[in-house]
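Step one of this worksheet: look at the structure below.
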Amino acid sequence: MEGEYTGAVKETAGRIRATIPANFVEKFQKTCNINISDFIPCTPISCGEVCAIDGSNVTLLESGSMALAVVRAAQTTFVGMERSRRSVTPMTFALIGPEEENQDFPVLYADCFGHPPGKPLSNEDISRAAGILRDTVEYWVTETMAHDLAPNALLLRDGPLRVSHESHDPVLTRIALTCRDKGIGFAGISKRSAATWGGGHPLLPAIYGFATTRKIKGPWWIKIDPAILDHQPHAQWQHGEIYVACLHGRSRGPLKIELAKGTKNPQEIMNRLAGCSADGRIPGYPYPLLDAHRTVALTEEIVDQVKGDLLGSLSEAGIDRQTYEILFGDYHDEFARY
Amino acid sequence: MMNLRDTDTADTSKYRLIGRSVLSYRFIAPHSETLYIGDIKKIVDTTKGATFFAKITDLSHDSNFADPKWDTRSYAEEFYGLGEDVFITVDAVPLGFVDTDGKFHKARTIPSKFSTVEDPTAEDFRFLTEQMGEIEVGLMRSGQDVIKEVPVRIPARVLPQHMGVFATTGMGKSNFMKTFCASCMKEQKFGLLIVDPHGEYVSGGKSSTGEPTKGLVHYTNGRGGLSIFTIRGEADRKKYAMNRLNLEYDDFRLSDLSILYELTSAQFDIIEAFARVNGSDAIRFFQEVDPEIFPIKDPLAAGIKEGSLAWLIRNSMAGPVRVIQRHIDNLVNGNKAFFREKGSSILEILNDLHANRVILIDIPDMGERSELFVLSVITRMIMEKHRSEARGFGIDEKQESGHHVLITIEEAQRVLAAGGASTQMFRECAMEGRKFGVGLCIITQQPKNVDLKVLAQINTFVVMGLGDRGDREIIMGSAKQDLSKMEIEIQTLDRGEAIISTIGIPFPVSTRIHRYEDYIAELNKEKKVDIRAGLATGF
């Protein structure tokens, strides 16, 4: 039994190791033809006006047939690293199920964009559905801010410039166009990336490993040729060009940064991003995005408060505690007590 | 229609009461704020209509971050928006509260949550000014600042219930005492006795830091409240209108030796046998007697009459008698400057004390033993006088009707250490003196070496800088008001600063002691009251 378990652990570790083999960096260089000269140094400069957007979703209640999600999005705008404005959307509730198609999605979408979505949202995957509901308000905030920001601002999104649902594609297209027209730099910044090369080797560790072994000091950035990447599904929903950047000398790791297609001044944007990524708590990560995250996060306290309010309303609506427990009770809560 | 709501960016988290109990308050302040231990803050509770007062006792860095080690993990020098989540946590000890009628109460309730914390104004301390006493020693301090409008005055009525002045060298003890004397001279509410073996109180000298200082005679407007008894020459006495100090042999009791010398039990037996013998008789006896006749196995055969002084100690061995004889010899010869067969200033000293004057016994260059000798003689005489006075009054009127005297003992651990039976007289004074209107002003830099039972009798504590933790703990444990939360403040007291805790003032007050020279300069500017005021000027 013990041996079986140990074997399973070793096998898993071996499979992960296979994606990052011992000659990982050399293999990356040979396969992708990467050179030191591809790494371009950043010179941190004043970041000017920077707006960061983030969204948050939590599944409040979950029964066998349905789930209740709450979503919201927030923006936080800095001028010269002084916060000038911070705003948040109301918490929006959405039932996922029991129908096959989400009933709240069209309502939320219309509420945000004034017309119904081009494609319905399936309730099959609760987690994905909740994420797309969150993206809906997040894209609405992004579009709103793209209109509000002054020309030459930076608009940052936590995540890629690639939609996960077809109905968001025209929205992201509009945002990119608005940014382009106003000269706003539009970037999607990801701490993690699904991008791989050479048949499954992760991109970010390879770039960072190369920079480390060649003693390339941060901050730097590198543009990624899409040709070196493995095939990505729904490439048509991709609105950005991929870069990898290390925005501070003491950064814990690189970020995947997507700039809107056709961005003409990546160097300036990288310099500005480096200029707002020097915070001692998370060097190398744009501070406005951290601030947006902290603004929007549905913390445990908030969730407890909302759950309490909901329980009260359910009671008023005639659902007693026992019925509630049968519907949404989680035996894991009970298990956790022992 | 979806909407974006701007969140309030005003920071309402700072300077709001967030904790914690009746005996301990907590609030937060911006991380860059300059706050000091000892700062007094007012907490305005609009719900209860009361204003609470609290003193800062501790400051610590804190943050809202979940990771308690965020600051030790920082990877770069720059921080954005730090003030929102990083702050100073301020712990404060409640002092009390003023109700809607302006009446001060002890902190038996708690301010409402999120009451605002503000800086008090002088007007806020009006209640305190009204409760202060008469003997001014300094100005109230709030952290680093002095509140000029709030002079700290110790109530005269509590001083005969003993006062302790605790400070290490160089913390301004002498300056405090002179300032205290000046106020006593001004107010003349009780008699104050000081024995000065260094000759610095009369006309000043140099402080422990080497600065020139002034003496009590320089407070010219208060001269009427001062009597000086000195051993200095006539020229000096005339210059400063000082009296000559004389003690006569009959002022002395053999028991005074026990304060001055370490005695064996055999020597003690002799002291006890001479308990009722006049000083002059005892001195004459020991000057004339041959110690070698002791022990006297057959008094009759030796010609020793029953009841004679030799008969009282007939069983003593020659050795102890020889030692006592030598001590008396040293005492008489060593204190010739003021100790003689006939002629005593004691009556005059007692009269002046009872006229509520400051009595300065100035014995420069006389040494520690002479100082203790004078002190023990005068203290004993005061106690005897007050005891006999008290016997003349009824039980209830004893305290009110009698005179009030405060006796200063410098380096009090010498005579008030634990277990010192030899210093019984000072101990009695500490334990029972208050019944007879006799208080001790105990000055020491080693409170831990003073008998705890004595410290427990003290009602007024003047705590200046004490570096030793043991000393601070003893003081905090003995004071009538809770000083335990003020340990950091006591530890960080600067020269000339004190915490005064007395039963007359509602809470321990941080005080900047007046610089004596500046204080008397102000007092000397005050218009002197004409002694003819109120008298008829014509026929």
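Here's how to read the names in the structure tokens: chain A, B, ... by the order shown, residue numbers from 1 in each chain, ligand numbers from 1 in the order shown.
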
Select all residues from chain B having any atom no more than 12 Å from an atom of chain A (counting only C-alpha atoms, ignoring ligands), output as an MDAnalysis selection string. chainID B and resid 1:10 64:67 69:85

Spatial neighbours of Phe274 of chain B, 12 Å, only C-alpha atoms, chain gap at least 3 places, as a ChimeraX atom specification: /B:252-257,267-271,277-283,285-286,307-313,324

Give me a file of those residues, with C-alpha atoms, as a PDB file, in the first residue's frame.
```
ATOM      1  CA  PHE B 252      20.970  63.692  72.182  1.00  0.00           C
ATOM      2  CA  ARG B 253      19.835  60.236  73.242  1.00  0.00           C
ATOM      3  CA  LEU B 254      22.103  57.254  73.334  1.00  0.00           C
ATOM      4  CA  SER B 255      19.698  55.509  70.955  1.00  0.00           C
ATOM      5  CA  ASP B 256      20.794  57.981  68.245  1.00  0.00           C
ATOM      6  CA  LEU B 257      24.010  55.978  68.036  1.00  0.00           C
ATOM      7  CA  GLN B 267      26.135  47.370  72.550  1.00  0.00           C
ATOM      8  CA  PHE B 268      22.364  47.533  71.986  1.00  0.00           C
ATOM      9  CA  ASP B 269      21.815  46.328  75.522  1.00  0.00           C
ATOM     10  CA  ILE B 270      23.729  49.352  76.776  1.00  0.00           C
ATOM     11  CA  ILE B 271      21.684  51.659  74.493  1.00  0.00           C
ATOM     12  CA  VAL B 277      18.906  58.872  80.450  1.00  0.00           C
ATOM     13  CA  ASN B 278      19.455  62.509  79.442  1.00  0.00           C
ATOM     14  CA  GLY B 279      22.004  63.101  76.725  1.00  0.00           C
ATOM     15  CA  SER B 280      24.259  65.270  78.882  1.00  0.00           C
ATOM     16  CA  ASP B 281      24.310  62.679  81.678  1.00  0.00           C
ATOM     17  CA  ALA B 282      25.050  59.871  79.243  1.00  0.00           C
ATOM     18  CA  ILE B 283      27.848  61.793  77.516  1.00  0.00           C
ATOM     19  CA  PHE B 285      29.201  59.253  82.108  1.00  0.00           C
ATOM     20  CA  PHE B 286      30.970  57.773  79.112  1.00  0.00           C
ATOM     21  CA  GLY B 307      20.155  53.174  90.185  1.00  0.00           C
ATOM     22  CA  SER B 308      23.364  54.929  89.111  1.00  0.00           C
ATOM     23  CA  LEU B 309      24.302  54.884  85.412  1.00  0.00           C
ATOM     24  CA  ALA B 310      27.109  52.377  85.968  1.00  0.00           C
ATOM     25  CA  TRP B 311      24.679  50.187  87.845  1.00  0.00           C
ATOM     26  CA  LEU B 312      22.331  50.176  84.785  1.00  0.00           C
ATOM     27  CA  ILE B 313      25.009  48.459  82.706  1.00  0.00           C
ATOM     28  CA  ILE B 324      30.128  53.065  72.992  1.00  0.00           C
TER      29      ILE B 324
END
```

Write out as a JSON list (two decimals) with N, CA and C atoms, in the first residue's frame the residues lying within 6 Å of Leu406 of chain B, counting only C-alpha atoms and excluding same-chain residues fewer than 2 positions away.
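Generated file (out.json):
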```json
[["chain", "number", "residue", "atom", "x", "y", "z"],
["B", 160, "PRO", "N", 1.83, 65.44, 54.29],
["B", 160, "PRO", "CA", 2.21, 64.77, 55.54],
["B", 160, "PRO", "C", 1.91, 63.28, 55.52],
["B", 192, "LEU", "N", 8.66, 72.29, 56.45],
["B", 192, "LEU", "CA", 9.48, 71.35, 55.68],
["B", 192, "LEU", "C", 10.91, 71.40, 56.22],
["B", 438, "VAL", "N", 3.16, 64.23, 60.96],
["B", 438, "VAL", "CA", 4.56, 64.21, 60.56],
["B", 438, "VAL", "C", 4.71, 63.30, 59.33],
["B", 439, "GLY", "N", 5.16, 63.88, 58.25],
["B", 439, "GLY", "CA", 5.36, 63.09, 57.04],
["B", 439, "GLY", "C", 6.82, 63.03, 56.68],
["B", 440, "LEU", "N", 7.18, 62.01, 55.92],
["B", 440, "LEU", "CA", 8.55, 61.90, 55.44],
["B", 440, "LEU", "C", 8.59, 62.17, 53.94]]
```

Contacts of segment 257-261 of chain A at 8 Å or less, counting only C-alpha atoms, minus same-chain residues fewer than 4 places along, as a PDB file with C-alpha atoms, in the first residue's frame?
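The file below, around.pdb, is the result:
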```pdb
ATOM      1  CA  PRO A 160      -5.138  37.524 -21.134  1.00  0.00           C
ATOM      2  CA  LEU A 161      -6.585  39.555 -23.996  1.00  0.00           C
ATOM      3  CA  ALA A 176      -9.178  47.324 -28.288  1.00  0.00           C
ATOM      4  CA  GLY A 185      -1.998  51.271 -24.043  1.00  0.00           C
ATOM      5  CA  PHE A 186      -4.085  48.141 -23.442  1.00  0.00           C
ATOM      6  CA  ALA A 187      -2.427  45.203 -21.726  1.00  0.00           C
ATOM      7  CA  GLY A 188      -3.557  41.908 -20.295  1.00  0.00           C
ATOM      8  CA  ILE A 189      -1.217  40.686 -17.586  1.00  0.00           C
ATOM      9  CA  SER A 190      -1.103  37.089 -16.399  1.00  0.00           C
ATOM     10  CA  HIS A 239      -6.790  39.899 -29.284  1.00  0.00           C
ATOM     11  CA  GLY A 240      -3.267  40.359 -28.043  1.00  0.00           C
ATOM     12  CA  GLU A 241       0.338  39.776 -28.967  1.00  0.00           C
ATOM     13  CA  ILE A 242       2.311  37.806 -26.440  1.00  0.00           C
ATOM     14  CA  TYR A 243       5.252  39.205 -24.510  1.00  0.00           C
ATOM     15  CA  VAL A 244       7.037  37.923 -21.458  1.00  0.00           C
ATOM     16  CA  ALA A 245       8.495  40.469 -19.074  1.00  0.00           C
ATOM     17  CA  PRO A 266       5.770  48.156 -26.618  1.00  0.00           C
TER      18      PRO A 266
END
```

Take atom CA of Gly465 of chain B and atom CA of Ala430 of chain B and report the distance between them in Å, one decimal.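 Separating atom CA of Gly465 of chain B from atom CA of Ala430 of chain B is a distance of 24.0 Å.
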
Per-residue DSSP, segment 59-231 of chain A, filtered to strand (DSSP E or B), as a PyMOL selection string: chain A and resi 59-62+67-79+82-88+92-96+101+122+154-158+162+185-190+196-197+201-202+220-223+229

Write out as an mmCIF file with N, CA and C atoms, in the first residue's frame each polymer residue whose atoms come within 10 Å of segment 215-229 of chain A, counting only C-alpha atoms; drop sequence neighbours fewer than 3 positions from it.
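Wrote it out as selection_15.cif, contents follow:
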```
data_model
loop_
_atom_site.group_PDB
_atom_site.id
_atom_site.type_symbol
_atom_site.label_atom_id
_atom_site.label_comp_id
_atom_site.auth_asym_id
_atom_site.auth_seq_id
_atom_site.Cartn_x
_atom_site.Cartn_y
_atom_site.Cartn_z
ATOM 1 N N PHE A 28 15.164 24.763 -25.186
ATOM 2 C CA PHE A 28 14.330 25.906 -25.541
ATOM 3 C C PHE A 28 15.077 26.787 -26.548
ATOM 4 N N THR A 31 15.275 24.880 -29.920
ATOM 5 C CA THR A 31 13.969 24.696 -30.560
ATOM 6 C C THR A 31 13.393 26.025 -31.028
ATOM 7 N N CYS A 32 13.504 27.028 -30.186
ATOM 8 C CA CYS A 32 12.811 28.293 -30.469
ATOM 9 C C CYS A 32 13.752 29.366 -30.996
ATOM 10 N N ASN A 33 15.051 29.040 -31.054
ATOM 11 C CA ASN A 33 16.026 29.969 -31.593
ATOM 12 C C ASN A 33 16.011 31.307 -30.836
ATOM 13 N N ILE A 34 16.074 31.224 -29.517
ATOM 14 C CA ILE A 34 16.060 32.429 -28.671
ATOM 15 C C ILE A 34 17.498 32.867 -28.418
ATOM 16 N N ILE A 36 20.165 36.071 -26.541
ATOM 17 C CA ILE A 36 20.230 37.113 -25.501
ATOM 18 C C ILE A 36 19.704 38.435 -26.051
ATOM 19 N N SER A 37 19.992 38.677 -27.323
ATOM 20 C CA SER A 37 19.595 39.968 -27.913
ATOM 21 C C SER A 37 18.072 40.121 -28.000
ATOM 22 N N ASP A 38 17.348 39.011 -27.851
ATOM 23 C CA ASP A 38 15.872 39.116 -27.861
ATOM 24 C C ASP A 38 15.345 39.751 -26.581
ATOM 25 N N PHE A 39 16.171 39.718 -25.541
ATOM 26 C CA PHE A 39 15.746 40.297 -24.243
ATOM 27 C C PHE A 39 16.073 41.789 -24.248
ATOM 28 N N ILE A 40 15.036 42.576 -24.144
ATOM 29 C CA ILE A 40 15.231 44.031 -24.240
ATOM 30 C C ILE A 40 15.087 44.645 -22.850
ATOM 31 N N PRO A 41 16.094 45.412 -22.424
ATOM 32 C CA PRO A 41 15.998 45.995 -21.072
ATOM 33 C C PRO A 41 14.915 47.065 -20.977
ATOM 34 N N CYS A 42 14.312 47.149 -19.802
ATOM 35 C CA CYS A 42 13.326 48.202 -19.534
ATOM 36 C C CYS A 42 14.006 49.292 -18.726
ATOM 37 N N THR A 43 13.581 50.514 -18.961
ATOM 38 C CA THR A 43 14.014 51.631 -18.121
ATOM 39 C C THR A 43 12.763 52.146 -17.423
ATOM 40 N N PRO A 44 12.637 51.866 -16.126
ATOM 41 C CA PRO A 44 11.407 52.305 -15.450
ATOM 42 C C PRO A 44 11.226 53.811 -15.569
ATOM 43 N N ALA A 195 0.469 28.857 -22.171
ATOM 44 C CA ALA A 195 1.271 28.745 -23.402
ATOM 45 C C ALA A 195 2.410 27.741 -23.223
ATOM 46 N N THR A 196 2.560 26.873 -24.206
ATOM 47 C CA THR A 196 3.637 25.865 -24.185
ATOM 48 C C THR A 196 4.364 25.859 -25.526
ATOM 49 N N TRP A 197 5.516 25.233 -25.550
ATOM 50 C CA TRP A 197 6.313 25.098 -26.785
ATOM 51 C C TRP A 197 6.870 23.669 -26.841
ATOM 52 N N GLY A 198 7.275 23.300 -27.986
ATOM 53 C CA GLY A 198 7.963 22.007 -28.133
ATOM 54 C C GLY A 198 7.142 20.814 -27.700
ATOM 55 N N GLY A 199 5.820 20.956 -27.768
ATOM 56 C CA GLY A 199 4.960 19.830 -27.433
ATOM 57 C C GLY A 199 4.688 19.685 -25.950
ATOM 58 N N GLY A 200 4.507 20.819 -25.275
ATOM 59 C CA GLY A 200 4.029 20.739 -23.875
ATOM 60 C C GLY A 200 4.957 21.321 -22.838
ATOM 61 N N HIS A 201 6.074 21.925 -23.256
ATOM 62 C CA HIS A 201 6.949 22.568 -22.270
ATOM 63 C C HIS A 201 6.408 23.961 -21.952
ATOM 64 N N PRO A 202 6.267 24.294 -20.660
ATOM 65 C CA PRO A 202 5.691 25.604 -20.317
ATOM 66 C C PRO A 202 6.615 26.753 -20.726
ATOM 67 N N LEU A 203 5.989 27.834 -21.194
ATOM 68 C CA LEU A 203 6.744 28.940 -21.771
ATOM 69 C C LEU A 203 7.469 29.772 -20.701
ATOM 70 N N ILE A 207 11.547 30.830 -20.494
ATOM 71 C CA ILE A 207 12.074 32.190 -20.713
ATOM 72 C C ILE A 207 12.889 32.625 -19.495
ATOM 73 N N TYR A 208 12.305 32.381 -18.323
ATOM 74 C CA TYR A 208 12.963 32.852 -17.100
ATOM 75 C C TYR A 208 14.272 32.088 -16.875
ATOM 76 N N GLY A 209 14.222 30.777 -17.161
ATOM 77 C CA GLY A 209 15.431 29.956 -17.014
ATOM 78 C C GLY A 209 16.526 30.432 -17.943
ATOM 79 N N PHE A 210 16.139 30.782 -19.162
ATOM 80 C CA PHE A 210 17.127 31.276 -20.127
ATOM 81 C C PHE A 210 17.768 32.568 -19.616
ATOM 82 N N ALA A 211 16.905 33.489 -19.160
ATOM 83 C CA ALA A 211 17.415 34.786 -18.679
ATOM 84 C C ALA A 211 18.339 34.582 -17.478
ATOM 85 N N THR A 212 17.967 33.639 -16.611
ATOM 86 C CA THR A 212 18.766 33.429 -15.395
ATOM 87 C C THR A 212 20.129 32.829 -15.758
ATOM 88 N N GLN A 232 -2.971 26.669 -29.896
ATOM 89 C CA GLN A 232 -3.904 27.102 -28.854
ATOM 90 C C GLN A 232 -5.317 27.038 -29.408
ATOM 91 N N GLU A 241 -0.940 40.367 -28.597
ATOM 92 C CA GLU A 241 0.338 39.776 -28.967
ATOM 93 C C GLU A 241 1.086 39.464 -27.676
ATOM 94 N N ILE A 242 1.764 38.302 -27.707
ATOM 95 C CA ILE A 242 2.311 37.806 -26.440
ATOM 96 C C ILE A 242 3.740 38.311 -26.201
ATOM 97 N N TYR A 243 3.923 38.794 -24.986
ATOM 98 C CA TYR A 243 5.252 39.205 -24.510
ATOM 99 C C TYR A 243 5.473 38.510 -23.158
ATOM 100 N N VAL A 244 6.711 38.355 -22.822
ATOM 101 C CA VAL A 244 7.037 37.923 -21.458
ATOM 102 C C VAL A 244 7.967 38.987 -20.891
ATOM 103 N N ALA A 245 7.689 39.390 -19.659
ATOM 104 C CA ALA A 245 8.495 40.469 -19.074
ATOM 105 C C ALA A 245 8.823 40.170 -17.621
ATOM 106 N N CYS A 246 10.006 40.621 -17.255
ATOM 107 C CA CYS A 246 10.397 40.619 -15.844
ATOM 108 C C CYS A 246 10.541 42.101 -15.505
ATOM 109 N N LEU A 247 9.622 42.623 -14.694
ATOM 110 C CA LEU A 247 9.506 44.083 -14.582
ATOM 111 C C LEU A 247 10.335 44.678 -13.438
ATOM 112 N N HIS A 248 11.062 43.835 -12.729
ATOM 113 C CA HIS A 248 11.885 44.362 -11.631
ATOM 114 C C HIS A 248 13.060 43.426 -11.389
ATOM 115 N N GLY A 249 14.157 43.978 -10.971
ATOM 116 C CA GLY A 249 15.358 43.177 -10.726
ATOM 117 C C GLY A 249 15.164 42.115 -9.663
ATOM 118 N N ARG A 250 14.229 42.348 -8.749
ATOM 119 C CA ARG A 250 14.003 41.356 -7.680
ATOM 120 C C ARG A 250 12.664 40.643 -7.855
ATOM 121 N N SER A 251 12.196 40.637 -9.073
ATOM 122 C CA SER A 251 10.925 39.979 -9.367
ATOM 123 C C SER A 251 11.017 38.481 -9.057
ATOM 124 N N PRO A 254 8.628 35.790 -14.111
ATOM 125 C CA PRO A 254 8.182 36.632 -15.227
ATOM 126 C C PRO A 254 6.657 36.671 -15.320
ATOM 127 N N LEU A 255 6.170 37.649 -16.045
ATOM 128 C CA LEU A 255 4.736 37.754 -16.299
ATOM 129 C C LEU A 255 4.504 37.586 -17.797
ATOM 130 N N LYS A 256 3.360 37.012 -18.111
ATOM 131 C CA LYS A 256 2.971 37.014 -19.535
ATOM 132 C C LYS A 256 2.172 38.283 -19.752
ATOM 133 N N ILE A 257 2.606 39.087 -20.684
ATOM 134 C CA ILE A 257 1.911 40.351 -20.938
ATOM 135 C C ILE A 257 1.417 40.327 -22.383
ATOM 136 N N GLU A 258 0.131 40.552 -22.531
ATOM 137 C CA GLU A 258 -0.415 40.637 -23.891
ATOM 138 C C GLU A 258 -0.745 42.082 -24.170
ATOM 139 N N PRO A 266 5.623 49.091 -27.743
ATOM 140 C CA PRO A 266 5.770 48.156 -26.618
ATOM 141 C C PRO A 266 6.863 48.582 -25.638
ATOM 142 N N GLN A 267 7.955 49.162 -26.146
ATOM 143 C CA GLN A 267 9.040 49.563 -25.241
ATOM 144 C C GLN A 267 8.546 50.579 -24.212
ATOM 145 N N MET A 270 6.296 48.894 -21.695
ATOM 146 C CA MET A 270 7.063 48.083 -20.741
ATOM 147 C C MET A 270 7.782 48.977 -19.733
ATOM 148 N N ASN A 271 8.342 50.082 -20.228
ATOM 149 C CA ASN A 271 9.021 51.012 -19.316
ATOM 150 C C ASN A 271 8.041 51.563 -18.275
ATOM 151 N N ALA A 274 7.197 48.865 -15.816
ATOM 152 C CA ALA A 274 8.290 48.697 -14.844
ATOM 153 C C ALA A 274 8.244 49.828 -13.820
ATOM 154 N N SER A 277 5.961 48.939 -10.971
ATOM 155 C CA SER A 277 6.103 47.564 -10.471
ATOM 156 C C SER A 277 7.226 47.431 -9.452
ATOM 157 N N GLY A 284 7.974 43.643 -9.308
ATOM 158 C CA GLY A 284 7.825 42.994 -10.604
ATOM 159 C C GLY A 284 6.385 42.808 -11.006
#
```

Distance query Thr142 of chain A at most 8 Å, only C-alpha atoms, self and fewer than 5 positions along chain excluded, as a list in words: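 So the residues in contact are Ile53, Gln75, Leu155, Arg157 and Ile175 of chain A.
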
Keeping only C-alpha atoms, write those residues as a PDB file, in the first residue's frame.
```
ATOM      1  CA  ILE A  53      -9.343  46.159 -13.859  1.00  0.00           C
ATOM      2  CA  GLN A  75     -11.291  49.480 -11.427  1.00  0.00           C
ATOM      3  CA  LEU A 155      -5.404  50.152 -19.258  1.00  0.00           C
ATOM      4  CA  ARG A 157      -6.516  43.797 -17.292  1.00  0.00           C
ATOM      5  CA  ILE A 175     -12.312  47.884 -26.230  1.00  0.00           C
TER       6      ILE A 175
END
```

Within 8 Å of Ile296 of chain B using only C-alpha atoms, minus same-chain residues under 4 positions, as a list in words: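 Result of the neighbour search: Ala302, Arg314, Asn315 and Ser316 of chain B.
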
Once you have the residues from the selection above, write them out as a compact mmCIF listing (two decimals), in the first residue's frame, restricted to C-alpha atoms.
```txt
# COMPACT_ATOMS: atom_id res chain seq x y z
CA ALA B 302 32.90 48.62 93.81
CA ARG B 314 26.82 46.62 85.50
CA ASN B 315 26.59 43.30 83.65
CA SER B 316 28.06 44.61 80.40
```

DSSP on the backbone: which residues in segment 366-520 of chain B end up as helix (DSSP H, G or I)? Give the answer as a ChimeraX atom specification. /B:367-392,398-401,412-414,421-436,447-449,452-455,469-478,484-491,516-520
